[in-house]
file start-v6.cif (mmCIF, C-alpha atoms and all ligand atoms)
data_structure
#
loop_
_atom_site.label_atom_id
_atom_site.label_comp_id
_atom_site.auth_asym_id
_atom_site.auth_seq_id
_atom_site.Cartn_x
_atom_site.Cartn_y
_atom_site.Cartn_z
CA MET A 451 103.63 119.82 63.08
CA ARG A 452 106.13 116.96 63.32
CA LYS A 453 107.33 115.68 59.95
CA LEU A 454 107.26 111.94 59.32
CA LEU A 455 109.59 109.71 57.32
CA ALA A 456 107.94 106.69 55.69
CA PRO A 457 110.29 104.15 54.06
CA SER A 458 108.64 102.46 51.08
CA ILE A 459 109.54 98.98 52.24
CA LEU A 460 108.94 97.06 49.02
CA ALA A 461 111.89 98.93 47.52
CA GLY A 462 114.02 96.88 49.94
CA ASP A 463 115.63 93.46 49.49
CA TRP A 464 112.71 91.04 49.76
CA TRP A 465 114.95 88.19 50.88
CA ASN A 466 115.82 90.18 53.99
CA ILE A 467 112.69 92.26 54.30
CA GLY A 468 112.37 91.83 58.07
CA GLU A 469 115.95 92.95 58.69
CA GLN A 470 115.55 95.82 56.27
CA ILE A 471 112.43 97.05 58.07
CA GLU A 472 114.15 96.77 61.44
CA ALA A 473 117.10 98.78 60.12
CA THR A 474 114.77 101.63 59.06
CA LEU A 475 113.11 101.57 62.49
CA ARG A 476 116.48 101.76 64.27
CA GLY A 477 117.29 104.70 61.97
CA GLY A 478 114.15 106.52 63.12
CA ALA A 479 111.46 105.65 60.53
CA ASP A 480 108.12 106.95 61.81
CA ILE A 481 105.73 104.87 59.72
CA LEU A 482 106.09 102.18 57.03
CA HIS A 483 104.78 102.76 53.50
CA TYR A 484 103.33 99.61 51.88
CA ASP A 485 102.66 99.73 48.12
CA VAL A 486 99.89 97.53 46.74
CA MET A 487 99.73 97.17 42.94
CA ASP A 488 97.33 95.00 40.96
CA GLY A 489 98.64 95.01 37.38
CA HIS A 490 95.53 96.87 36.22
CA PHE A 491 95.54 100.34 37.71
CA VAL A 492 99.34 100.40 37.42
CA PRO A 493 101.64 98.31 35.22
CA ASN A 494 103.14 96.27 38.06
CA ILE A 495 102.06 93.72 40.66
CA THR A 496 103.22 93.63 44.28
CA VAL A 497 101.65 92.17 47.40
CA GLY A 498 98.37 91.79 49.27
CA PRO A 499 97.17 91.74 52.88
CA GLU A 500 98.97 88.52 53.88
CA LEU A 501 102.50 89.94 53.97
CA LEU A 502 101.13 93.01 55.75
CA SER A 503 99.69 90.84 58.53
CA HIS A 504 103.11 89.24 59.11
CA ILE A 505 104.79 92.65 59.31
CA ARG A 506 102.05 93.87 61.66
CA LYS A 507 102.87 91.12 64.16
CA ARG A 508 106.47 92.35 64.44
CA VAL A 509 106.28 96.16 64.31
CA SER A 510 104.32 98.74 66.27
CA VAL A 511 104.63 101.80 64.00
CA PRO A 512 101.67 102.63 61.72
CA ILE A 513 101.54 100.88 58.35
CA ASP A 514 100.56 103.29 55.59
CA THR A 515 98.97 101.26 52.81
CA HIS A 516 98.97 102.84 49.35
CA LEU A 517 96.36 101.06 47.22
CA MET A 518 97.14 101.27 43.50
CA ILE A 519 94.37 98.88 42.58
CA GLU A 520 91.02 98.78 40.85
CA ASN A 521 87.89 98.39 43.00
CA PRO A 522 89.69 99.31 46.24
CA ASP A 523 86.44 99.14 48.27
CA THR A 524 86.45 95.36 47.84
CA TYR A 525 89.86 95.00 49.49
CA ILE A 526 89.92 97.80 52.08
CA PRO A 527 88.37 95.69 54.88
CA ARG A 528 90.97 92.94 54.37
CA PHE A 529 93.89 95.31 54.52
CA ILE A 530 92.60 96.95 57.69
CA GLU A 531 91.93 93.56 59.25
CA ALA A 532 95.51 92.62 58.38
CA GLY A 533 96.74 95.66 60.32
CA ALA A 534 96.85 98.66 58.00
CA ASN A 535 96.48 101.87 60.05
CA TRP A 536 96.51 104.32 57.17
CA VAL A 537 94.88 103.47 53.84
CA SER A 538 94.97 105.63 50.72
CA VAL A 539 93.07 105.36 47.44
CA HIS A 540 93.55 107.18 44.14
CA ILE A 541 91.10 109.92 43.17
CA GLU A 542 91.46 108.76 39.54
CA ASN A 543 89.76 105.40 40.02
CA VAL A 544 87.34 105.90 42.90
CA VAL A 545 83.90 106.95 41.75
CA HIS A 546 82.41 107.58 45.18
CA ILE A 547 85.30 109.10 47.10
CA HIS A 548 83.15 110.14 50.07
CA ARG A 549 81.90 106.58 50.45
CA THR A 550 85.37 105.07 50.21
CA LEU A 551 87.09 107.45 52.65
CA THR A 552 84.18 107.06 55.07
CA LEU A 553 84.49 103.28 54.84
CA ILE A 554 88.19 103.47 55.72
CA ARG A 555 87.48 105.69 58.71
CA GLU A 556 84.58 103.56 59.92
CA LEU A 557 86.90 100.57 59.93
CA GLY A 558 89.26 102.48 62.22
CA ALA A 559 92.04 103.58 59.86
CA LYS A 560 93.19 106.99 58.67
CA ALA A 561 91.82 107.75 55.22
CA GLY A 562 94.00 109.16 52.45
CA VAL A 563 93.31 110.38 48.92
CA VAL A 564 96.06 110.15 46.27
CA LEU A 565 96.75 112.33 43.24
CA ASN A 566 98.68 111.14 40.19
CA PRO A 567 101.10 113.61 38.55
CA GLY A 568 98.64 114.25 35.70
CA THR A 569 95.65 115.00 37.91
CA PRO A 570 94.89 118.65 38.72
CA VAL A 571 95.40 119.42 42.40
CA GLY A 572 91.86 120.85 42.57
CA ALA A 573 90.46 117.36 41.94
CA VAL A 574 90.84 116.57 45.66
CA GLU A 575 89.27 119.80 46.92
CA GLU A 576 86.05 118.15 48.05
CA ALA A 577 87.77 115.08 49.50
CA LEU A 578 90.00 117.29 51.68
CA TYR A 579 87.01 117.97 53.92
CA TYR A 580 86.93 114.36 55.07
CA ALA A 581 90.42 112.98 54.38
CA ASP A 582 93.06 112.50 57.08
CA TYR A 583 95.84 112.83 54.53
CA VAL A 584 96.41 113.60 50.89
CA LEU A 585 99.22 111.88 48.98
CA LEU A 586 100.79 113.71 46.07
CA MET A 587 102.56 111.39 43.64
CA SER A 588 105.80 112.88 42.36
CA VAL A 589 106.34 109.99 39.89
CA ASN A 590 103.84 108.00 37.85
CA PRO A 591 102.91 105.11 40.16
CA GLY A 592 104.09 101.60 39.44
CA PHE A 593 107.80 101.44 40.20
CA SER A 594 110.43 102.49 42.68
CA GLY A 595 113.58 104.16 41.46
CA GLN A 596 112.02 106.70 39.07
CA SER A 597 113.08 110.35 38.86
CA PHE A 598 111.23 113.05 40.76
CA ILE A 599 108.98 115.09 38.44
CA GLU A 600 110.11 118.69 39.11
CA ARG A 601 106.67 120.14 38.47
CA SER A 602 105.59 118.38 41.71
CA LEU A 603 107.10 121.22 43.76
CA ASP A 604 104.65 123.79 42.37
CA ARG A 605 101.85 121.27 42.77
CA LEU A 606 102.87 120.76 46.40
CA THR A 607 102.72 124.50 47.04
CA ALA A 608 99.25 124.69 45.46
CA LEU A 609 98.06 121.68 47.44
CA LYS A 610 99.33 123.19 50.68
CA GLU A 611 97.36 126.37 50.04
CA LEU A 612 94.22 124.35 49.40
CA ARG A 613 94.81 122.16 52.46
CA ASP A 614 95.47 125.17 54.74
CA ARG A 615 92.21 126.75 53.60
CA ILE A 616 89.98 123.68 53.76
CA ASN A 617 91.32 121.33 56.41
CA PRO A 618 94.58 122.24 58.19
CA ASN A 619 94.48 118.91 60.05
CA CYS A 620 94.83 116.93 56.84
CA LEU A 621 98.46 115.83 56.37
CA ILE A 622 100.26 116.16 53.04
CA GLU A 623 102.33 113.16 52.01
CA ILE A 624 104.66 113.01 49.00
CA ASP A 625 105.78 109.85 47.22
CA GLY A 626 108.23 109.18 44.41
CA GLY A 627 111.84 110.06 43.64
CA ILE A 628 112.62 111.62 47.02
CA LYS A 629 116.30 111.42 47.86
CA GLU A 630 118.91 113.21 49.95
CA ASN A 631 119.15 115.98 47.36
CA ASN A 632 115.48 117.01 47.34
CA VAL A 633 114.05 115.93 50.70
CA ALA A 634 114.59 119.32 52.37
CA GLU A 635 112.95 121.10 49.45
CA VAL A 636 109.75 119.03 49.58
CA VAL A 637 109.50 119.49 53.34
CA ARG A 638 109.88 123.26 52.98
CA ALA A 639 107.26 123.27 50.21
CA GLY A 640 104.74 121.69 52.59
CA ALA A 641 105.14 117.91 52.82
CA ASP A 642 104.35 116.52 56.29
CA VAL A 643 105.03 112.88 55.43
CA VAL A 644 107.87 111.91 53.11
CA VAL A 645 107.95 108.50 51.43
CA VAL A 646 111.40 107.26 50.42
CA GLY A 647 112.05 103.96 48.62
CA SER A 648 115.26 103.63 46.62
CA GLY A 649 116.65 106.71 48.40
CA ILE A 650 116.91 104.50 51.50
CA PHE A 651 117.23 100.93 50.28
CA SER A 652 119.85 101.44 47.60
CA ALA A 653 122.27 102.43 50.37
CA GLN A 654 124.67 99.85 51.81
CA ASP A 655 123.73 100.85 55.35
CA VAL A 656 119.95 101.21 55.50
CA GLU A 657 119.93 102.28 59.14
CA ALA A 658 122.48 105.06 58.59
CA GLN A 659 120.70 106.23 55.44
CA THR A 660 117.37 106.43 57.27
CA ARG A 661 118.99 108.44 60.05
CA LYS A 662 120.58 110.78 57.51
CA LEU A 663 117.21 111.47 55.84
CA LYS A 664 115.60 112.09 59.23
CA GLU A 665 118.32 114.62 60.02
CA LEU A 666 117.81 116.35 56.67
CA ILE A 667 114.07 116.56 57.37
CA PHE A 668 114.74 117.87 60.86
CA SER A 669 117.11 120.59 59.63
CA ALA A 670 114.71 121.61 56.85
CA VAL A 671 112.02 122.25 59.47
CA ALA A 672 114.42 124.11 61.75
CA VAL A 673 115.38 126.61 58.99
C1 LIG B 701 105.48 104.12 43.29
C2 LIG B 701 105.29 103.85 44.77
C3 LIG B 701 106.32 104.50 45.62
C4 LIG B 701 107.72 104.04 45.33
C5 LIG B 701 108.72 104.96 45.97
O1 LIG B 701 104.42 103.59 42.60
O2 LIG B 701 104.03 104.32 45.18
O3 LIG B 701 105.99 104.37 46.99
O4 LIG B 701 107.95 102.73 45.74
O5 LIG B 701 110.01 104.59 45.57
P1 LIG B 701 111.11 105.69 45.21
O6 LIG B 701 111.33 106.50 46.44
O7 LIG B 701 112.29 104.86 44.81
O8 LIG B 701 110.57 106.52 44.07
ZN ZN B 702 103.57 104.53 47.35
#
call {"tool": "encode", "arguments": {"input": "start-v6.cif", "output": "structure tokens", "more": "lines below"}}
Ligand code: DX5
Ligand code: ZN
result
Amino acid sequence: MRKLLAPSILAGDWWNIGEQIEATLRGGADILHYDVMDGHFVPNITVGPELLSHIRKRVSVPIDTHLMIENPDTYIPRFIEAGANWVSVHIENVVHIHRTLTLIRELGAKAGVVLNPGTPVGAVEEALYYADYVLLMSVNPGFSGQSFIERSLDRLTALKELRDRINPNCLIEIDGGIKENNVAEVVRAGADVVVVGSGIFSAQDVEAQTRKLKELIFSAVAV
């Protein structure tokens, strides 16, 4: 299975966000990761569907929308209308996960379920049957630039076992604190999609940094 690199674009310089996105695409970014925070589910506020619709007009790669918000069902149709191709919701705050993932799929997007670092991996067992991807958080959601929680590697291995048994077509995505030094390790442990925020955008040359991470991912798979 081809491994995908997903720059977390809101970790970039918002003044030059268009240029920053283009630089990641020239460097080989496969999809764009778009973090939505509401100040309730997580202690930070970011952006809504409007900015997404502007990005959608300029790029053709999938936009992977990570909803860290309360009552996601209310907003899912607007994000998909704005151009989100992948939409993920947290298992911790969705009461009817089957209904929510089905809604995302019915609206034509890929449906993802997200696990916070404190949530047992088994909590997504049932959702794996009807999810297109599962996102394992390797930091507590809310901010870019946090350190990778080491325990996430064992959790990734456990999640991969569960995924292989229940639904091998479901992709595993990892998000939080991924950098040059640990990207190969998470890919070898089972991540199919790797989100990188500060590990790309804190570099002077965003294009070169994206390319470097892609190469690291590629060599990790080749081993
Ligand atoms: C955290 C977000 C992440 C974050 C990644 O709440 O979901 O996508 O922006 O940034 P880094 O890679 O810097 O941890
Ligand atoms: Zn995210």
call {"tool": "residues_around", "arguments": {"input": "start-v6.cif", "residues": "Arg476 of chain A", "least_positions_apart": "3", "cutoff": "9 Å", "atoms": "only C-alpha atoms", "output": "list of chain:residue names"}}
result
A:Ile471, A:Glu472, A:Ala473, A:Ala479, A:Glu657, A:Ala658, A:Thr660, A:Arg661
call {"tool": "residues_around", "arguments": {"input": "start-v6.cif", "residues": "segment 600-608 of chain A", "least_positions_apart": "2", "cutoff": "10 Å", "atoms": "all atoms listed in the file", "output": "list in words"}}
result
Pro567, Pro570, Val571, Gly572, Leu585, Leu586, Met587, Ser588, Val589, Ser597, Phe598, Lys610, Glu611, Leu612, Arg613, Ile622, Glu623, Ile624, Gly626, Gly627, Asn632, Glu635, Val636, Val637, Arg638, Ala639, Gly640 and Ala641 of chain A
call {"tool": "residues_around", "arguments": {"input": "start-v6.cif", "residues": "His548 of chain A", "least_positions_apart": "6", "cutoff": "9 Å", "atoms": "all atoms listed in the file", "output": "ChimeraX atom specification"}}
result
/A:576-577,580-581
call {"tool": "residues_near_ligand", "arguments": {"input": "start-v6.cif", "ligand": "ligand ZN 702 (chain B)", "cutoff": "12 Å", "atoms": "all atoms listed in the file", "output": "mmCIF file with C-alpha atoms, in the frame of the given file"}}
result
data_model
loop_
_atom_site.group_PDB
_atom_site.id
_atom_site.type_symbol
_atom_site.label_atom_id
_atom_site.label_comp_id
_atom_site.auth_asym_id
_atom_site.auth_seq_id
_atom_site.Cartn_x
_atom_site.Cartn_y
_atom_site.Cartn_z
ATOM 1 C CA ALA A 456 107.940 106.690 55.690
ATOM 2 C CA PRO A 457 110.290 104.150 54.060
ATOM 3 C CA SER A 458 108.640 102.460 51.080
ATOM 4 C CA ILE A 459 109.540 98.980 52.240
ATOM 5 C CA LEU A 460 108.940 97.060 49.020
ATOM 6 C CA ALA A 461 111.890 98.930 47.520
ATOM 7 C CA LEU A 482 106.090 102.180 57.030
ATOM 8 C CA HIS A 483 104.780 102.760 53.500
ATOM 9 C CA TYR A 484 103.330 99.610 51.880
ATOM 10 C CA ASP A 485 102.660 99.730 48.120
ATOM 11 C CA VAL A 486 99.890 97.530 46.740
ATOM 12 C CA MET A 487 99.730 97.170 42.940
ATOM 13 C CA VAL A 492 99.340 100.400 37.420
ATOM 14 C CA THR A 496 103.220 93.630 44.280
ATOM 15 C CA ILE A 513 101.540 100.880 58.350
ATOM 16 C CA ASP A 514 100.560 103.290 55.590
ATOM 17 C CA THR A 515 98.970 101.260 52.810
ATOM 18 C CA HIS A 516 98.970 102.840 49.350
ATOM 19 C CA LEU A 517 96.360 101.060 47.220
ATOM 20 C CA MET A 518 97.140 101.270 43.500
ATOM 21 C CA ILE A 519 94.370 98.880 42.580
ATOM 22 C CA VAL A 537 94.880 103.470 53.840
ATOM 23 C CA SER A 538 94.970 105.630 50.720
ATOM 24 C CA VAL A 539 93.070 105.360 47.440
ATOM 25 C CA HIS A 540 93.550 107.180 44.140
ATOM 26 C CA GLY A 562 94.000 109.160 52.450
ATOM 27 C CA VAL A 563 93.310 110.380 48.920
ATOM 28 C CA VAL A 564 96.060 110.150 46.270
ATOM 29 C CA LEU A 565 96.750 112.330 43.240
ATOM 30 C CA ASN A 566 98.680 111.140 40.190
ATOM 31 C CA LEU A 585 99.220 111.880 48.980
ATOM 32 C CA LEU A 586 100.790 113.710 46.070
ATOM 33 C CA MET A 587 102.560 111.390 43.640
ATOM 34 C CA SER A 588 105.800 112.880 42.360
ATOM 35 C CA VAL A 589 106.340 109.990 39.890
ATOM 36 C CA ASN A 590 103.840 108.000 37.850
ATOM 37 C CA PRO A 591 102.910 105.110 40.160
ATOM 38 C CA GLY A 592 104.090 101.600 39.440
ATOM 39 C CA PHE A 593 107.800 101.440 40.200
ATOM 40 C CA SER A 594 110.430 102.490 42.680
ATOM 41 C CA GLY A 595 113.580 104.160 41.460
ATOM 42 C CA GLU A 623 102.330 113.160 52.010
ATOM 43 C CA ILE A 624 104.660 113.010 49.000
ATOM 44 C CA ASP A 625 105.780 109.850 47.220
ATOM 45 C CA GLY A 626 108.230 109.180 44.410
ATOM 46 C CA GLY A 627 111.840 110.060 43.640
ATOM 47 C CA ILE A 628 112.620 111.620 47.020
ATOM 48 C CA VAL A 643 105.030 112.880 55.430
ATOM 49 C CA VAL A 644 107.870 111.910 53.110
ATOM 50 C CA VAL A 645 107.950 108.500 51.430
ATOM 51 C CA VAL A 646 111.400 107.260 50.420
ATOM 52 C CA GLY A 647 112.050 103.960 48.620
ATOM 53 C CA SER A 648 115.260 103.630 46.620
#
call {"tool": "closest_residue", "arguments": {"input": "start-v6.cif", "among": "A:Ser503, A:Gln596, A:Asn619, A:Gln470", "to": "ligand LIG 701 (chain B)", "atoms": "only C-alpha atoms and all ligand atoms"}}
result
A:Gln596
call {"tool": "closest_residue", "arguments": {"input": "start-v6.cif", "among": "A:Glu469, A:Asp614, A:Asp480, A:Asp488", "to": "ligand LIG 701 (chain B)", "atoms": "all atoms listed in the file"}}
result
A:Asp488
call {"tool": "atom_distance", "arguments": {"input": "start-v6.cif", "atom1": "atom CA of Ser669 of chain A", "atom2": "atom CA of Ala634 of chain A"}}
result
7.8 Å
call {"tool": "atom_distance", "arguments": {"input": "start-v6.cif", "atom1": "atom CA of Trp464 of chain A", "atom2": "atom O8 of ligand LIG 701 (chain B)"}}
result
16.6 Å
call {"tool": "closest_residue", "arguments": {"input": "start-v6.cif", "among": "A:Thr550, A:Asn617, A:Asn543, A:Asn494", "to": "Pro527 of chain A", "atoms": "only C-alpha atoms"}}
result
A:Thr550
call {"tool": "closest_residue", "arguments": {"input": "start-v6.cif", "among": "A:Pro493, A:Ile667, A:Arg549, A:Glu575", "to": "Arg615 of chain A", "atoms": "all atoms listed in the file"}}
result
A:Glu575
call {"tool": "atom_distance", "arguments": {"input": "start-v6.cif", "atom1": "atom CA of Gly468 of chain A", "atom2": "atom CA of Ile505 of chain A"}}
result
7.7 Å
call {"tool": "closest_residue", "arguments": {"input": "start-v6.cif", "among": "A:Ile616, A:Ile599, A:Val656, A:Val574", "to": "ligand LIG 701 (chain B)", "atoms": "only C-alpha atoms and all ligand atoms"}}
result
A:Ile599
call {"tool": "axis_aligned_box", "arguments": {"input": "start-v6.cif", "around": "segment 619-630 of chain A", "padding_each_side": "4 Å", "output": "AutoDock Vina command-line options"}}
result
--center_x 106.7 --center_y 114.0 --center_z 51.8 --size_x 32.4 --size_y 17.7 --size_z 24.4
